[in-house]
Amino acid sequence: MKNQWYKKACFYQIYPRSFCDSNGDGIGDIKGIISKIDYIASLGIDAIWFSPLYCSPNADYGYDISDYRNINPEYGTMQDFDKMVKLLHQHNIKVVMDLVVNHTSDKHQWFTESRKSKDNPYRNYYIWRDGKGKDGKQPPNNWTSFFLGSAWQYDEMTKQWYLHLFDKNQPDLNYFNPRVLEEVKDILTFWLKKGVDGFRCDVITLLSKREGLPDGKKRIALTGKEHYIDGPKILELLGQLQEDVLSKYDAFTVGESVMIDIPTALKYTSGDNPPLDTIFAFEHMNADNYFGVKQLVRKFSLKRLKNTVGKWQDGLYEKAWNTLYWENHDQARIVGRYCSATEYREMGAQMMGTILLTLSGTPFVYQGQEIGQTSIGMTNLDDYRDVETYRSYNTMKKVFGKKGAMKRLAYCSRDNARTPVQWNSGENAGFTTGTPWIKVNPNYNQINVAQQETQKTSTLNYYRKLIQLRKEHDVFVFGTYKDLLPKSNKVWIYRRNYNDDEIVVFNNFTTKPVKVAPLKNADEYTLLTSNYPNSATQPTKRKLHPHESAVYIKVKKD
Ligand code: TEU
Ligand code: CA
C-alpha cells in the first residue's frame with residue numbers, strides 16, 4: 001500500500017534564483033537556502049518543491065535543462081545539494097524535484113547532436129519535420145507555442161523544422177521514440193537513489209503528440225492543443241514510469257496539467273495505481289481573465305472563483321486527491337488579483353491564506369506568499385527577465401498597442417512572482433549584497449520577514465497558525481465541502497464536515513463591511529481562528545469586516 005503522506009502535508013515552493021543569495025552575485029543559491037532552513041522549518045511545512053536546480057542556459061530559467069544530472073553552478077554543487085537534502089530530511093521536510101521532460105534546452109547534448117544530421121543517433125530524440133510550401137519554408141503545421149507565435153523553428157543545418165511548444169530554445173522531446181522514455185526513467189532513478197521524495201512533473205500532460213501532427217482548430221491561443229493535451233499515449237507513458245521506477249521508490253508525483261477538466265483529471269489520479277498522485281489544475285486561476293488567457297484581463301469575480309473551486313472540490317472528493325494553490329513562479333501574486341493590494345492588503349493576504357489552508361487537497365505555499373508579497377508591476381520593459389513576458393509583449397503590442405501591452409504585463413507577467421524574497425528592510429531586502437538579477441519590489445520596507453517575525457498578527461504568523469491548525473484538525477484536510485451562499489459575489493462561506501467534526505469558514509472578499517445572516521444554532525460553534533482581533537466569537541448575525549476571514553468549529557457535545 002502506498003504511503004499517502006502527501007494528503008496531510010503542506011508544501012512550500014522554492015524558486016531558487018529568487019530565494020536567498022549567499023555569495024553576492026545577485027542570484028539565489030543552495031547555500032542561501034541552507035541558511036534559511038530554520039525559517040522554512042518554522043513555517044510548519046512538510047515538503048518543498050524546488051523549481052529546477054539543474055544546469056540550464058536560462059532561456060527559461062531552469063525550465064530549459066542542458067544537464068539533468070548536475071546542479072547549475074550558479075546555484076552551487078552536488079555536494080551542496082546533498083547537504084541541503086540531508087538537512088531538510090533531518091527537519092522532517094521532504095524534497096520534491098521539478099521534472100522537466102516535455103522538452104530540453106537546445107544546448108542539451110541530445111539536441112546539439114540531433115540537429116547535426118538526419119542520420120545522427122539522436123535525431124529521433126526530437127520532433128523534426130519537413131516544412132510546407134514550395135521550398136519548405138512554411139512550418140509543418142499551424143500549432144502555436146505557449147509563449148505565442150509558431151511552435152516550429154526552422155534549422156538551416158538540415159533544412160528541417162523542429163517542434164517547440166514553449167520557447168525556440170526548448171525543443172520538444174519525441175515520445176514516439178521509446179528510447180526517450182528510457183532516458184527519463186534513468187533520470188528519475190538517478191535522483192531517487194539520491195534520496196529525493198518525488199517530482200513535480202512540468203507540463204506532463206503534453207508529452208504525447210498525435211500521430212501525423214495534424215493541423216489544429218484555429219484559436220486565440222494554443223492552436224493545435226487538441227493534438228497534444230492529454231494526448232493518445234500519455235497514460236501509457238506515465239503508467240510505465242510508475243511501474244518501472246516511481247512505485248519502486250514510493251515516490252510522490254504531482255503533474256502540472258494545463259487546461260484539463262475534471263473527468264480527465266480523474267483518469268490521471270483515481271483508481272488503485274493512478275499514473276499520478278495528484279495534479280495542478282489551472283481553472284481556478286482564471287477568475288480574472290477571459291477564455292483562460294491571462295493577458296485578456298477581466299475584472300475578478302468571486303462567483304466565478306467559487307464555482308470553479310466548488311466544482312473541483314466535489315468532483316475529486318473521495319475519488320482522487322486535489323492540490324491547492326494561488327501562487328507559483330508562473331502566476332502574478334494573488335494579492336492584487338483576488339483581493340485588494342491597497343486597502344486592507346494584509347487582511348486580504350490572510351484571507352487567501354485561510355482559504356488555501358481550509359480546503360480539501362494538498363496546499364502549496366509559494367515563497368513570499370506567507371508574508372503577503374505583492375506583484376511589482378514593472379513599467380519598464382528592460383526590467384523584465386522572463387521569456388514568456390517578452391514573447392507575449394510582442395504579440396500584445398499588435399493588438400493593444402505598447403501602452404496596453406505594458407499595462408497587461410504589469411498585471412500578469414510571471415516576473416511578478418519572481419522578484420526576490422523580502423527578508424528584511426536592509427539593502428535589497430536582505431536578498432543579496434550584490435546586484436539582484438531581477439528588481440526587488442520597492443515595498444520591502446513595509447513587507448518583509450524580519451518585521452513580521454516581531455508582530456503577533458502578521459501574515460507570516462497567521463500562515464504558521466493555519467498550517468498548524470490544519471495538522472490538528474482532520475476536517476480541514478478530509479472534510480466534505482459545501483458553499484452556503486453560492487450566489488453571493490461578496491462573501492464566500494463554506495462548511496466542511498468529517499465524521500463528527502464540522503467547520504464553517506467565513507470570508508469577505510470586499511473591502512467594505514458586509515452583513516451576514518447567523519448560522520442556524522450559532523451558539524453550537526466557537527471561533528477557532530480569524531484575521532481580526534475582534535471577530536465575533538460565534539457565527540451570529542453581524543457584519544464581516546473588510547477582507548475578514550473567520551473559521552468556526554462546531555463544539556462537540558459529550
Ligand atoms: O509551465 C507551463 C505553463 O503552462 C506555463 O507556461 C503557462 O502557460 C504560463 O506560465 C502562463 O502564464 C511550466 C513551468 O511552470 C513554466 O515555468 C515553464 O516556462 C514551462 O512549463 C515550460 O517548461
Ligand atoms: Ca549566489
# chains A, B, ... in the order shown; residues from 1 in each chain; ligands from 1

call {"tool": "residues_around", "arguments": {"residues": "stretch 147-163 of chain A", "least_positions_apart": "3", "cutoff": "8 Å", "atoms": "only C-alpha atoms", "output": "NGL selection string"}}
result
:A and (115-118 or 126-131 or 136-137 or 139-140 or 142-144 or 166-168 or 171-172 or 221-222 or 387-388 or 391-392 or 395)

call {"tool": "select_by_dssp", "arguments": {"residues": "stretch 170-357 of chain A", "states": "alpha helix (DSSP H)", "output": "count of residues only"}}
result
63

call {"tool": "residues_near_ligand", "arguments": {"ligand": "ligand 2", "cutoff": "6 Å", "atoms": "only C-alpha atoms and all ligand atoms", "output": "list of chain:residue names"}}
result
A:Asp21, A:Ser22, A:Asn23, A:Gly24, A:Asp25, A:Gly26, A:Ile27, A:Gly28, A:Asp29

call {"tool": "closest_residue", "arguments": {"among": "A:Asn424, A:Thr480, A:Thr189, A:Asn273", "to": "A:Thr358", "atoms": "only C-alpha atoms"}}
result
A:Thr480

call {"tool": "residues_near_ligand", "arguments": {"ligand": "ligand 1", "cutoff": "7 Å", "atoms": "only C-alpha atoms and all ligand atoms", "output": "JSON, numbers by chain"}}
result
{"A": [60, 63, 64, 100, 146, 166, 202, 203, 258, 294, 329, 330, 331, 414]}

call {"tool": "atom_distance", "arguments": {"atom1": "atom CA of A:Thr459", "atom2": "atom CA of A:Ser42"}}
result
13.9 Å

call {"tool": "closest_residue", "arguments": {"among": "A:Ala405, A:Val514, A:Leu188, A:Ala410", "to": "A:Arg69", "atoms": "only C-alpha atoms"}}
result
A:Leu188

call {"tool": "closest_residue", "arguments": {"among": "A:Thr374, A:Thr540, A:Asn497, A:Asn120", "to": "A:Arg337", "atoms": "only C-alpha atoms"}}
result
A:Thr374
